[in-house]
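Undergrad: Contents are mmCIF, C-alpha atoms; file name upload_30.cif:
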data_start
loop_
_atom_site.label_atom_id
_atom_site.label_comp_id
_atom_site.auth_asym_id
_atom_site.auth_seq_id
_atom_site.Cartn_x
_atom_site.Cartn_y
_atom_site.Cartn_z
CA MET W 25 98.74 237.36 148.12
CA THR W 26 101.87 239.35 147.34
CA ILE W 27 101.30 242.64 145.54
CA GLN W 28 102.30 242.55 141.87
CA LEU W 29 103.82 245.54 140.13
CA TYR W 30 103.83 245.69 136.34
CA CYS W 31 107.07 247.50 135.63
CA PHE W 32 110.46 247.62 133.94
CA GLY W 33 113.71 248.99 135.29
CA GLU W 34 114.05 251.94 132.93
CA SER W 35 110.72 253.46 134.09
CA GLY W 36 111.23 256.08 136.76
CA ASN W 37 107.48 256.18 137.22
CA ALA W 38 107.45 252.47 138.07
CA TYR W 39 110.44 253.08 140.34
CA LYS W 40 108.38 255.49 142.45
CA ALA W 41 105.88 252.72 143.19
CA ALA W 42 108.58 250.08 143.67
CA LEU W 43 110.65 252.20 146.05
CA THR W 44 107.58 253.30 148.02
CA MET W 45 106.53 249.69 148.63
CA THR W 46 110.09 248.67 149.46
CA LEU W 47 110.65 251.47 151.98
CA ALA W 48 107.20 250.96 153.50
CA GLY W 49 108.05 247.30 154.07
CA VAL W 50 105.35 245.93 151.79
CA ALA W 51 106.05 242.60 150.08
CA TRP W 52 105.79 242.88 146.29
CA THR W 53 106.97 241.17 143.18
CA PRO W 54 107.71 242.65 139.75
CA VAL W 55 105.84 241.59 136.62
CA PHE W 56 108.10 242.50 133.73
CA VAL W 57 106.59 244.59 130.93
CA ASP W 58 108.60 244.52 127.71
CA PHE W 59 108.05 248.20 126.97
CA PHE W 60 110.52 248.57 124.11
CA ASN W 61 108.82 245.72 122.26
CA GLY W 62 105.28 247.04 122.60
CA GLY W 63 104.46 245.53 126.00
CA THR W 64 102.20 248.44 126.97
CA ARG W 65 100.36 248.47 123.65
CA THR W 66 98.86 244.98 123.71
CA PRO W 67 95.09 244.54 124.16
CA ALA W 68 95.76 242.57 127.36
CA PHE W 69 97.80 245.39 128.87
CA ARG W 70 95.32 248.04 127.70
CA SER W 71 92.49 246.15 129.37
CA LEU W 72 94.52 246.31 132.59
CA ASN W 73 95.27 250.01 132.08
CA VAL W 74 93.51 252.04 129.39
CA MET W 75 96.25 254.66 129.79
CA GLY W 76 98.80 252.20 128.42
CA GLU W 77 101.47 252.98 130.99
CA VAL W 78 103.45 251.32 133.73
CA PRO W 79 103.32 251.09 136.66
CA VAL W 80 100.19 249.09 137.35
CA MET W 81 99.77 247.60 140.82
CA VAL W 82 97.59 244.57 141.51
CA ASP W 83 96.69 243.88 145.13
CA GLY W 84 94.13 241.07 145.14
CA ASP W 85 91.10 242.44 143.28
CA LEU W 86 92.41 245.97 143.32
CA VAL W 87 94.12 247.30 140.18
CA ILE W 88 95.66 250.77 140.34
CA SER W 89 97.66 252.71 137.78
CA GLN W 90 99.43 256.05 138.03
CA SER W 91 102.49 255.95 140.25
CA ALA W 92 101.22 258.67 142.56
CA VAL W 93 97.93 256.88 143.20
CA ILE W 94 99.82 253.68 144.01
CA GLN W 95 102.06 255.67 146.35
CA ASP W 96 99.02 257.21 148.02
CA TYR W 97 97.44 253.76 148.40
CA ILE W 98 100.58 252.39 150.07
CA THR W 99 100.68 255.28 152.56
CA SER W 100 97.03 254.61 153.44
CA LYS W 101 97.62 250.89 153.77
CA THR W 102 100.78 251.14 155.91
CA SER W 103 100.56 254.57 157.59
CA LYS W 104 104.14 255.07 156.42
CA LEU W 105 105.77 257.73 154.20
CA GLY W 106 102.60 259.85 154.17
CA GLY W 107 101.25 262.83 156.09
CA ARG W 108 99.72 262.81 159.56
CA SER W 109 97.27 265.70 159.07
CA ALA W 110 95.13 267.04 156.24
CA ASP W 111 97.62 269.91 155.84
CA GLN W 112 100.56 267.53 155.54
CA ARG W 113 98.73 265.30 153.12
CA ARG W 114 97.93 268.29 150.89
CA GLU W 115 101.54 269.49 150.97
CA ILE W 116 102.71 266.01 149.92
CA LEU W 117 100.11 265.85 147.15
CA ARG W 118 101.17 269.31 145.95
CA TRP W 119 104.73 268.10 145.32
CA MET W 120 103.50 264.90 143.73
CA PHE W 121 101.48 266.91 141.21
CA PHE W 122 104.43 269.24 140.64
CA ASP W 123 106.53 266.16 140.01
CA ASN W 124 104.16 264.55 137.53
CA HIS W 125 103.64 267.80 135.64
CA LYS W 126 107.03 269.49 135.72
CA VAL W 127 109.75 267.11 136.97
CA SER W 128 109.24 263.45 136.01
CA GLY W 129 106.79 264.38 133.26
CA VAL W 130 109.66 266.16 131.51
CA ALA W 131 112.68 264.17 132.74
CA GLY W 132 111.17 260.85 131.67
CA THR W 133 110.49 262.07 128.15
CA LEU W 134 113.88 263.76 127.82
CA ARG W 135 115.73 260.69 129.09
CA PHE W 136 113.78 258.50 126.66
CA ASN W 137 114.45 260.83 123.72
CA THR W 138 118.13 261.12 124.58
CA ASN W 139 118.93 257.47 125.27
CA PHE W 140 116.29 255.13 123.91
CA LEU W 141 114.96 256.69 120.69
CA PRO W 142 116.69 255.55 117.48
CA GLU W 143 119.36 258.13 116.65
CA ASP W 144 117.63 259.26 113.47
CA LYS W 145 114.51 260.18 115.44
CA ARG W 146 116.27 262.33 118.04
CA ASN W 147 115.62 266.03 117.70
CA ALA W 148 118.04 268.53 119.21
CA ASP W 149 115.47 271.36 119.38
CA VAL W 150 112.91 269.20 121.18
CA ASN W 151 115.50 267.99 123.68
CA ALA W 152 116.84 271.51 124.30
CA PHE W 153 113.29 272.67 125.00
CA LEU W 154 112.64 269.80 127.40
CA LEU W 155 115.95 270.40 129.20
CA MET W 156 115.09 274.09 129.67
CA ARG W 157 111.75 273.05 131.19
CA LEU W 158 113.38 270.44 133.43
CA LYS W 159 116.01 272.84 134.73
CA SER W 160 113.33 275.35 135.54
CA ALA W 161 111.52 272.74 137.68
CA LEU W 162 114.76 271.61 139.33
CA LYS W 163 115.49 275.25 140.18
CA VAL W 164 112.19 275.37 142.08
CA MET W 165 113.24 272.25 144.03
CA GLU W 166 116.69 273.74 144.62
CA VAL W 167 115.18 276.88 146.16
CA HIS W 168 112.68 274.90 148.20
CA LEU W 169 115.34 272.49 149.53
CA THR W 170 117.57 275.33 150.70
CA GLY W 171 117.58 274.99 154.46
CA ARG W 172 115.31 271.96 154.55
CA ASP W 173 115.94 268.23 154.29
CA TRP W 174 112.75 266.97 152.66
CA LEU W 175 110.22 268.38 150.23
CA ALA W 176 107.15 268.13 152.47
CA GLY W 177 107.44 268.21 156.25
CA ASP W 178 110.41 266.99 158.28
CA ALA W 179 110.75 263.40 157.09
CA LEU W 180 111.01 261.38 153.91
CA THR W 181 107.59 261.04 152.27
CA VAL W 182 106.15 259.85 148.98
CA ALA W 183 106.63 263.43 147.73
CA ASP W 184 110.40 262.90 147.80
CA ILE W 185 110.05 259.44 146.29
CA ALA W 186 107.99 260.93 143.44
CA CYS W 187 110.32 263.81 142.61
CA CYS W 188 113.47 261.65 142.63
CA GLY W 189 111.94 259.08 140.26
CA TYR W 190 114.23 259.83 137.31
CA LEU W 191 117.14 261.45 139.12
CA PHE W 192 119.18 258.38 140.16
CA TYR W 193 119.63 257.07 136.63
CA THR W 194 123.10 257.61 135.23
CA GLU W 195 122.26 257.55 131.51
CA PRO W 196 122.95 261.17 130.49
CA PHE W 197 120.01 263.44 129.74
CA GLY W 198 121.39 266.84 130.71
CA PHE W 199 120.76 266.66 134.46
CA ASP W 200 123.98 267.43 136.34
CA ARG W 201 123.71 267.03 140.11
CA ALA W 202 126.58 269.50 140.63
CA GLU W 203 124.40 272.24 139.13
CA PHE W 204 121.82 271.81 141.90
CA PRO W 205 123.73 271.30 145.19
CA HIS W 206 120.67 271.15 147.45
CA VAL W 207 118.97 268.66 145.15
CA ASP W 208 122.24 266.71 145.12
CA ALA W 209 122.38 266.57 148.95
CA TRP W 210 118.70 265.62 149.09
CA LEU W 211 119.30 262.73 146.66
CA ASP W 212 122.14 261.58 148.94
CA ARG W 213 119.77 261.67 151.93
CA ILE W 214 117.21 259.58 150.05
CA ALA W 215 119.88 257.07 148.99
CA ALA W 216 121.07 256.83 152.62
CA THR W 217 117.63 255.73 153.80
CA PRO W 218 117.78 252.12 155.10
CA GLY W 219 116.39 249.82 152.43
CA TRP W 220 116.92 252.23 149.54
CA ALA W 221 117.83 250.64 146.23
CA HIS W 222 118.58 251.87 142.72
CA PRO W 223 115.82 251.27 140.13
CA TYR W 224 117.92 248.65 138.31
CA ASP W 225 118.26 246.71 141.56
CA LEU W 226 114.51 246.75 142.22
CA MET W 227 113.08 245.99 138.79
CA PRO W 228 114.11 243.88 135.78
CA ARG W 229 115.66 245.93 132.99
CA ALA W 230 114.16 245.93 129.51
CA LEU W 231 117.48 246.80 127.88
CA PRO W 232 120.89 245.32 128.66
CA ALA W 233 123.34 247.45 130.62
CA ALA W 234 125.50 249.58 128.31
CA MET G 12 85.92 285.48 154.28
CA THR G 13 85.49 284.76 150.58
CA ILE G 14 88.06 282.43 149.05
CA GLN G 15 90.60 284.21 146.83
CA LEU G 16 91.99 282.64 143.71
CA TYR G 17 95.20 284.01 142.19
CA CYS G 18 94.62 283.48 138.49
CA PHE G 19 94.36 284.84 134.97
CA GLY G 20 91.94 283.89 132.23
CA GLU G 21 94.46 282.29 129.89
CA SER G 22 95.50 279.69 132.48
CA GLY G 23 93.66 276.43 132.04
CA ASN G 24 95.16 275.25 135.31
CA ALA G 25 93.58 278.19 137.13
CA TYR G 26 90.34 277.46 135.26
CA LYS G 27 90.19 273.99 136.83
CA ALA G 28 90.16 275.55 140.30
CA ALA G 29 87.78 278.35 139.29
CA LEU G 30 85.28 276.01 137.63
CA THR G 31 85.43 273.52 140.49
CA MET G 32 84.58 276.21 143.04
CA THR G 33 81.87 277.64 140.80
CA LEU G 34 80.15 274.30 140.18
CA ALA G 35 80.49 273.32 143.87
CA GLY G 36 78.69 276.53 144.82
CA VAL G 37 81.62 278.01 146.75
CA ALA G 38 81.91 281.81 146.85
CA TRP G 39 85.26 282.98 145.49
CA THR G 40 86.84 286.04 143.99
CA PRO G 41 89.71 286.27 141.47
CA VAL G 42 92.98 288.03 142.27
CA PHE G 43 94.47 288.91 138.90
CA VAL G 44 98.06 287.81 138.26
CA ASP G 45 99.73 289.66 135.38
CA PHE G 46 101.50 286.56 134.10
CA PHE G 47 102.75 287.97 130.80
CA ASN G 48 104.46 290.82 132.64
CA GLY G 49 106.26 288.67 135.20
CA GLY G 50 103.47 288.45 137.77
CA THR G 51 104.46 284.92 138.86
CA ARG G 52 108.16 285.79 139.12
CA THR G 53 108.01 288.51 141.78
CA PRO G 54 109.41 287.80 145.28
CA ALA G 55 105.94 288.44 146.73
CA PHE G 56 104.35 285.82 144.48
CA ARG G 57 107.19 283.34 145.03
CA SER G 58 106.75 283.68 148.80
CA LEU G 59 103.10 282.73 148.27
CA ASN G 60 104.05 279.84 145.97
CA VAL G 61 107.65 278.70 145.58
CA MET G 62 106.58 276.86 142.42
CA GLY G 63 105.86 280.22 140.75
CA GLU G 64 102.57 279.14 139.21
CA VAL G 65 98.90 279.98 139.25
CA PRO G 66 96.48 278.98 140.59
CA VAL G 67 96.98 279.74 144.25
CA MET G 68 93.95 279.57 146.53
CA VAL G 69 93.73 281.45 149.81
CA ASP G 70 90.99 280.40 152.24
CA GLY G 71 91.60 282.26 155.50
CA ASP G 72 94.98 281.07 156.77
CA LEU G 73 95.14 278.24 154.28
CA VAL G 74 97.21 278.73 151.12
CA ILE G 75 97.15 275.96 148.50
CA SER G 76 98.76 275.74 145.08
CA GLN G 77 98.48 273.10 142.38
CA SER G 78 95.08 273.05 140.71
CA ALA G 79 94.43 269.41 141.57
CA VAL G 80 95.10 269.96 145.27
CA ILE G 81 92.72 272.91 145.28
CA GLN G 82 90.15 270.75 143.51
CA ASP G 83 90.63 268.00 146.08
CA TYR G 84 90.27 270.52 148.91
CA ILE G 85 86.98 271.82 147.48
CA THR G 86 85.54 268.30 147.19
CA SER G 87 86.48 267.66 150.85
CA LYS G 88 85.01 270.98 151.96
CA THR G 89 81.74 270.65 150.05
CA SER G 90 81.27 266.89 149.52
CA LYS G 91 80.57 267.78 145.88
CA LEU G 92 82.23 266.69 142.61
CA GLY G 93 84.35 264.08 144.40
CA GLY G 94 84.16 260.36 145.09
CA ARG G 95 82.03 258.62 147.69
CA SER G 96 84.34 255.66 148.39
CA ALA G 97 88.09 255.09 148.54
CA ASP G 98 87.88 253.30 145.18
CA GLN G 99 86.07 256.23 143.57
CA ARG G 100 88.49 258.76 145.05
CA ARG G 101 91.45 256.80 143.65
CA GLU G 102 89.87 256.57 140.21
CA ILE G 103 89.32 260.33 140.22
CA LEU G 104 92.89 260.98 141.39
CA ARG G 105 94.17 258.66 138.68
CA TRP G 106 92.64 260.81 135.95
CA MET G 107 93.82 263.99 137.64
CA PHE G 108 97.41 262.72 137.53
CA PHE G 109 96.97 261.59 133.95
CA ASP G 110 95.72 265.09 133.17
CA ASN G 111 98.58 266.92 134.85
CA HIS G 112 101.18 264.68 133.27
CA LYS G 113 99.83 263.98 129.80
CA VAL G 114 96.87 266.23 128.95
CA SER G 115 97.04 269.73 130.46
CA GLY G 116 100.79 269.42 131.07
CA VAL G 117 101.23 269.22 127.31
CA ALA G 118 98.23 271.23 126.07
CA GLY G 119 99.08 274.23 128.24
CA THR G 120 102.65 274.38 126.97
CA LEU G 121 101.62 273.82 123.35
CA ARG G 122 98.93 276.49 123.51
CA PHE G 123 101.39 278.92 125.08
CA ASN G 124 104.06 278.19 122.47
CA THR G 125 101.59 278.47 119.61
CA ASN G 126 99.75 281.62 120.66
CA PHE G 127 101.64 283.60 123.28
CA LEU G 128 105.35 283.18 122.53
CA PRO G 129 106.89 285.89 120.32
CA GLU G 130 106.88 284.59 116.74
CA ASP G 131 110.67 284.43 116.52
CA LYS G 132 110.78 282.07 119.50
CA ARG G 133 108.26 279.56 118.18
CA ASN G 134 109.76 276.26 117.09
CA ALA G 135 107.88 274.03 114.67
CA ASP G 136 109.70 270.84 115.75
CA VAL G 137 108.95 271.41 119.43
CA ASN G 138 105.30 272.12 118.73
CA ALA G 139 104.95 269.09 116.45
CA PHE G 140 106.42 266.93 119.20
CA LEU G 141 104.04 268.34 121.80
CA LEU G 142 101.05 267.88 119.49
CA MET G 143 101.97 264.23 118.92
CA ARG G 144 102.12 263.75 122.70
CA LEU G 145 98.81 265.56 123.25
CA LYS G 146 96.99 263.55 120.58
CA SER G 147 98.26 260.37 122.14
CA ALA G 148 96.75 261.39 125.51
CA LEU G 149 93.50 262.51 123.89
CA LYS G 150 93.30 259.13 122.16
CA VAL G 151 93.38 257.47 125.59
CA MET G 152 90.49 259.69 126.70
CA GLU G 153 88.64 258.98 123.46
CA VAL G 154 88.87 255.22 124.06
CA HIS G 155 87.92 255.56 127.72
CA LEU G 156 84.92 257.80 126.96
CA THR G 157 83.52 255.35 124.41
CA GLY G 158 80.29 254.16 125.99
CA ARG G 159 80.61 256.25 129.12
CA ASP G 160 79.63 259.81 129.97
CA TRP G 161 82.28 260.80 132.53
CA LEU G 162 85.91 259.92 133.12
CA ALA G 163 85.50 258.53 136.65
CA GLY G 164 82.24 257.02 137.85
CA ASP G 165 78.78 258.00 136.64
CA ALA G 166 78.71 261.73 137.31
CA LEU G 167 80.76 264.86 136.68
CA THR G 168 83.75 264.99 139.04
CA VAL G 169 86.92 267.00 139.45
CA ALA G 170 88.58 264.45 137.14
CA ASP G 171 86.51 265.78 134.24
CA ILE G 172 87.11 269.37 135.33
CA ALA G 173 90.87 268.70 135.36
CA CYS G 174 91.08 267.04 131.95
CA CYS G 175 88.98 269.71 130.21
CA GLY G 176 91.11 272.56 131.59
CA TYR G 177 92.61 273.62 128.25
CA LEU G 178 90.04 272.16 125.89
CA PHE G 179 87.43 274.93 125.80
CA TYR G 180 89.83 277.61 124.60
CA THR G 181 89.39 278.55 120.96
CA GLU G 182 92.91 279.85 120.26
CA PRO G 183 94.28 277.22 117.84
CA PHE G 184 96.91 274.81 119.10
CA GLY G 185 96.23 271.76 116.99
CA PHE G 186 93.37 270.28 119.00
CA ASP G 187 90.40 269.61 116.74
CA ARG G 188 87.28 268.39 118.56
CA ALA G 189 86.02 266.69 115.40
CA GLU G 190 89.01 264.33 115.53
CA PHE G 191 87.87 262.99 118.92
CA PRO G 192 84.07 262.59 118.78
CA HIS G 193 83.68 261.09 122.27
CA VAL G 194 85.84 263.80 123.79
CA ASP G 195 83.77 266.32 121.84
CA ALA G 196 80.49 264.95 123.24
CA TRP G 197 81.97 264.85 126.74
CA LEU G 198 82.98 268.53 126.46
CA ASP G 199 79.41 269.31 125.43
CA ARG G 200 78.13 267.48 128.52
CA ILE G 201 80.46 269.47 130.76
CA ALA G 202 79.40 272.75 129.13
CA ALA G 203 75.74 271.80 129.61
CA THR G 204 76.17 271.48 133.38
CA PRO G 205 74.16 274.20 135.18
CA GLY G 206 76.54 276.96 136.23
CA TRP G 207 79.25 276.09 133.72
CA ALA G 208 81.17 279.06 132.33
CA HIS G 209 84.03 279.54 129.87
CA PRO G 210 87.43 280.44 131.41
CA TYR G 211 87.27 283.98 130.03
CA ASP G 212 83.92 284.50 131.74
CA LEU G 213 85.23 283.30 135.12
CA MET G 214 88.62 285.00 135.30
CA PRO G 215 90.11 288.31 134.12
CA ARG G 216 92.16 287.98 130.95
CA ALA G 217 95.81 288.99 130.86
CA LEU G 218 95.73 289.68 127.13
CA PRO G 219 93.03 291.51 125.17
CA ALA G 220 90.67 289.44 123.04
CA ALA G 221 92.03 289.02 119.51
#
As a first step, turn the structure in this file into structure tokens.
TA:
Amino acid sequence: MTIQLYCFGESGNAYKAALTMTLAGVAWTPVFVDFFNGGTRTPAFRSLNVMGEVPVMVDGDLVISQSAVIQDYITSKTSKLGGRSADQRREILRWMFFDNHKVSGVAGTLRFNTNFLPEDKRNADVNAFLLMRLKSALKVMEVHLTGRDWLAGDALTVADIACCGYLFYTEPFGFDRAEFPHVDAWLDRIAATPGWAHPYDLMPRALPAA
Amino acid sequence: MTIQLYCFGESGNAYKAALTMTLAGVAWTPVFVDFFNGGTRTPAFRSLNVMGEVPVMVDGDLVISQSAVIQDYITSKTSKLGGRSADQRREILRWMFFDNHKVSGVAGTLRFNTNFLPEDKRNADVNAFLLMRLKSALKVMEVHLTGRDWLAGDALTVADIACCGYLFYTEPFGFDRAEFPHVDAWLDRIAATPGWAHPYDLMPRALPAA
């Protein structure tokens, strides 16, 4: 049976799982979650994932949440986009944790606050704080990508697909590619990978295009 | 040679690595990092870890950063505190990502802002936002721990040691154990594990006790 991915287009975390499956050549189909109307808060969804988050992947009897765990599962299943040695696997995992903690963990929240929260709930101090944190993480990536093409090893891996999760969206949230030229070039390399697609072309959007 | 852990007592992320090694029976020694005086910003430290964070573990020629990757390495090395099947390992990893993203990723920042930032740099709106996010993650743990003793499987694993990383500190940051009775009982179970120690008893403190 085809793998199902509970997702919506605005979720960069879901995008990581969707793009990993797509680039690994795994057949999958999206199951739309109506996030902005409480789709992750229903008892049915919570029984699928107590964490109340997309993505959730269903492969037969197997149910996995957390984008990075889905990504890791796909590399194990296909032997693609992962590491070939214990050292490589750890280096990939290291960037995936950095991503969840410092990159996507902040970018996702900041992008939500900036674009999807009702205007009267937006807080300039909170968003300035998050942007400072995000830029600090992007600076680490900028330094690391100086003189190298990919975050971990010498080929595209799930580490790259994790860290770019929120960086292809064009809704403004303070991230300016021109400020981070090595990150910018790395995003171009990812987008040039055969089969690459933008999140809105892989998953159904919850909100209409602006 | 004994494993070295670059750390300081106030870092809950370093604590996860320190406690994992301690409970797995691995010999290790702390290398103090003077975080509050720029110890993670020096060129020497950045060449050890481009991410500029503790913990960093050195085991002979092997250098690993990111607490969760160190934890994963220790479970592989010792066959302790980890999973016994692919399913169990994924469930553990799932909670470790949830921790890095939603629990420690927020608690660490909030605790820093509340206790260690100069008073004129503290921002009530930012801290209220972070506390709302933290309570939302703790609520997920509270639901999940209802009727079960450990986060993943039926024994203490590195998933528990990750999620508790910041929760034993007594400096106030808005986390009240009484508000989350199942989390409270789970913390008691962790603390009752033979060999358990508080972060300040495992690692040298950067700041004097209040």
Undergrad: Based on all atoms listed in the file, which of the residues in chain W come within 9 Å of chain G? I want them as a PyMOL selection string.
TA: chain W and resi 74-76+86+88-94+96-97+111+114-115+117-126+128-130+147+149-151+153-154+161+164-165+167-168
Undergrad: How would the residues just picked look written out with C-alpha atoms as a PDB file, in the frame of the given file?
TA:
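After the write, selection.pdb holds the following:
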ATOM      1  CA  VAL W  74      93.510 252.040 129.390  1.00  0.00           C
ATOM      2  CA  MET W  75      96.250 254.660 129.790  1.00  0.00           C
ATOM      3  CA  GLY W  76      98.800 252.200 128.420  1.00  0.00           C
ATOM      4  CA  LEU W  86      92.410 245.970 143.320  1.00  0.00           C
ATOM      5  CA  ILE W  88      95.660 250.770 140.340  1.00  0.00           C
ATOM      6  CA  SER W  89      97.660 252.710 137.780  1.00  0.00           C
ATOM      7  CA  GLN W  90      99.430 256.050 138.030  1.00  0.00           C
ATOM      8  CA  SER W  91     102.490 255.950 140.250  1.00  0.00           C
ATOM      9  CA  ALA W  92     101.220 258.670 142.560  1.00  0.00           C
ATOM     10  CA  VAL W  93      97.930 256.880 143.200  1.00  0.00           C
ATOM     11  CA  ILE W  94      99.820 253.680 144.010  1.00  0.00           C
ATOM     12  CA  ASP W  96      99.020 257.210 148.020  1.00  0.00           C
ATOM     13  CA  TYR W  97      97.440 253.760 148.400  1.00  0.00           C
ATOM     14  CA  ASP W 111      97.620 269.910 155.840  1.00  0.00           C
ATOM     15  CA  ARG W 114      97.930 268.290 150.890  1.00  0.00           C
ATOM     16  CA  GLU W 115     101.540 269.490 150.970  1.00  0.00           C
ATOM     17  CA  LEU W 117     100.110 265.850 147.150  1.00  0.00           C
ATOM     18  CA  ARG W 118     101.170 269.310 145.950  1.00  0.00           C
ATOM     19  CA  TRP W 119     104.730 268.100 145.320  1.00  0.00           C
ATOM     20  CA  MET W 120     103.500 264.900 143.730  1.00  0.00           C
ATOM     21  CA  PHE W 121     101.480 266.910 141.210  1.00  0.00           C
ATOM     22  CA  PHE W 122     104.430 269.240 140.640  1.00  0.00           C
ATOM     23  CA  ASP W 123     106.530 266.160 140.010  1.00  0.00           C
ATOM     24  CA  ASN W 124     104.160 264.550 137.530  1.00  0.00           C
ATOM     25  CA  HIS W 125     103.640 267.800 135.640  1.00  0.00           C
ATOM     26  CA  LYS W 126     107.030 269.490 135.720  1.00  0.00           C
ATOM     27  CA  SER W 128     109.240 263.450 136.010  1.00  0.00           C
ATOM     28  CA  GLY W 129     106.790 264.380 133.260  1.00  0.00           C
ATOM     29  CA  VAL W 130     109.660 266.160 131.510  1.00  0.00           C
ATOM     30  CA  ASN W 147     115.620 266.030 117.700  1.00  0.00           C
ATOM     31  CA  ASP W 149     115.470 271.360 119.380  1.00  0.00           C
ATOM     32  CA  VAL W 150     112.910 269.200 121.180  1.00  0.00           C
ATOM     33  CA  ASN W 151     115.500 267.990 123.680  1.00  0.00           C
ATOM     34  CA  PHE W 153     113.290 272.670 125.000  1.00  0.00           C
ATOM     35  CA  LEU W 154     112.640 269.800 127.400  1.00  0.00           C
ATOM     36  CA  ALA W 161     111.520 272.740 137.680  1.00  0.00           C
ATOM     37  CA  VAL W 164     112.190 275.370 142.080  1.00  0.00           C
ATOM     38  CA  MET W 165     113.240 272.250 144.030  1.00  0.00           C
ATOM     39  CA  VAL W 167     115.180 276.880 146.160  1.00  0.00           C
ATOM     40  CA  HIS W 168     112.680 274.900 148.200  1.00  0.00           C
TER      41      HIS W 168
END
Undergrad: Could you state the separation of atom CA of Val69 of chain G and atom CA of Thr33 of chain G in Å, given to one decimal place?
TA: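 So the two atoms, atom CA of Val69 of chain G and atom CA of Thr33 of chain G, lie 15.4 Å apart.
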Undergrad: Excluding Thr157 of chain G and its own-chain neighbours fewer than 5 positions away, which residues fall within 10 Å of it when counting only C-alpha atoms? Please give them as a list in words.
TA: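 Listed by chain and then number, they are Met152, Pro192, His193, Val194 and Trp197 of chain G.
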Undergrad: At what distance in Å, to one decimal, does atom CA of Pro219 of chain G lie from atom CA of Val67 of chain G?
TA: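 Result for atom CA of Val67 of chain G versus atom CA of Pro219 of chain G: 22.8 Å, one decimal.
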Undergrad: Hey, can I get the axis-aligned box for segment 43-58 of chain G? All listed atoms, 3 Å padding on each side, centre and edge lengths in Å to one decimal, as AutoDock Vina command-line options.
TA:
--center_x 101.9 --center_y 287.1 --center_z 139.8 --size_x 20.9 --size_y 13.5 --size_z 24.0
Undergrad: Which residues, protein or nucleic acid, reach to within 10 Å of (96.6, 287.1, 127.4) in the file's coordinates when using only C-alpha atoms, and can you give that as a list in words?
TA: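 Residues lying no farther than 10 Å from the given point: Phe19, Gly20, Glu21, Ser22, Asp45, Phe46, Phe47, Phe123, Asn126, Phe127, Pro215, Arg216, Ala217, Leu218, Pro219, Ala220 and Ala221 of chain G.
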Undergrad: Output C-alpha atoms for every residue in that selection, as a PDB file, in the coordinates of the input.
TA:
ATOM      1  CA  PHE G  19      94.360 284.840 134.970  1.00  0.00           C
ATOM      2  CA  GLY G  20      91.940 283.890 132.230  1.00  0.00           C
ATOM      3  CA  GLU G  21      94.460 282.290 129.890  1.00  0.00           C
ATOM      4  CA  SER G  22      95.500 279.690 132.480  1.00  0.00           C
ATOM      5  CA  ASP G  45      99.730 289.660 135.380  1.00  0.00           C
ATOM      6  CA  PHE G  46     101.500 286.560 134.100  1.00  0.00           C
ATOM      7  CA  PHE G  47     102.750 287.970 130.800  1.00  0.00           C
ATOM      8  CA  PHE G 123     101.390 278.920 125.080  1.00  0.00           C
ATOM      9  CA  ASN G 126      99.750 281.620 120.660  1.00  0.00           C
ATOM     10  CA  PHE G 127     101.640 283.600 123.280  1.00  0.00           C
ATOM     11  CA  PRO G 215      90.110 288.310 134.120  1.00  0.00           C
ATOM     12  CA  ARG G 216      92.160 287.980 130.950  1.00  0.00           C
ATOM     13  CA  ALA G 217      95.810 288.990 130.860  1.00  0.00           C
ATOM     14  CA  LEU G 218      95.730 289.680 127.130  1.00  0.00           C
ATOM     15  CA  PRO G 219      93.030 291.510 125.170  1.00  0.00           C
ATOM     16  CA  ALA G 220      90.670 289.440 123.040  1.00  0.00           C
ATOM     17  CA  ALA G 221      92.030 289.020 119.510  1.00  0.00           C
TER      18      ALA G 221
END
Undergrad: Using only C-alpha atoms, I'd like a table of the residues in segment 168-201 of chain W that come within 12 Å of segment 101-109 of chain W; for each, show the closest atom pair and its distance in Å rounded to one decimal, ordered by chain and ascending number, as CSV.
TA:
residue,atom,partner,partner_atom,distance
W:Trp174,CA,W:Leu105,CA,11.7
W:Ala176,CA,W:Gly107,CA,8.7
W:Gly177,CA,W:Gly107,CA,8.2
W:Asp178,CA,W:Gly107,CA,10.3
W:Ala179,CA,W:Leu105,CA,8.1
W:Leu180,CA,W:Leu105,CA,6.4
W:Thr181,CA,W:Leu105,CA,4.2
W:Val182,CA,W:Leu105,CA,5.6
W:Ala183,CA,W:Gly106,CA,8.4
W:Asp184,CA,W:Leu105,CA,9.4
W:Ile185,CA,W:Leu105,CA,9.2
W:Ala186,CA,W:Leu105,CA,11.4
Undergrad: Rounded to one decimal in Å, what is the spacing between atom CA of Thr125 of chain G and atom CA of Phe184 of chain G?
TA: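 Computed distance, atom CA of Thr125 of chain G to atom CA of Phe184 of chain G, equals 6.0 Å.
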Undergrad: Enumerate, as a PyMOL selection string, the residues matched when the PyMOL selection byres ((chain G and resi 206) around 10) is run on the file above.
TA: chain G and resi 30+33-36+202-205+207-208
Undergrad: Could the residues in this selection be written to a file with C-alpha atoms, as a tab-separated table (two decimals), keeping the file's coordinate frame?
TA:
chain	number	residue	atom	x	y	z
G	30	LEU	CA	85.28	276.01	137.63
G	33	THR	CA	81.87	277.64	140.80
G	34	LEU	CA	80.15	274.30	140.18
G	35	ALA	CA	80.49	273.32	143.87
G	36	GLY	CA	78.69	276.53	144.82
G	202	ALA	CA	79.40	272.75	129.13
G	203	ALA	CA	75.74	271.80	129.61
G	204	THR	CA	76.17	271.48	133.38
G	205	PRO	CA	74.16	274.20	135.18
G	207	TRP	CA	79.25	276.09	133.72
G	208	ALA	CA	81.17	279.06	132.33
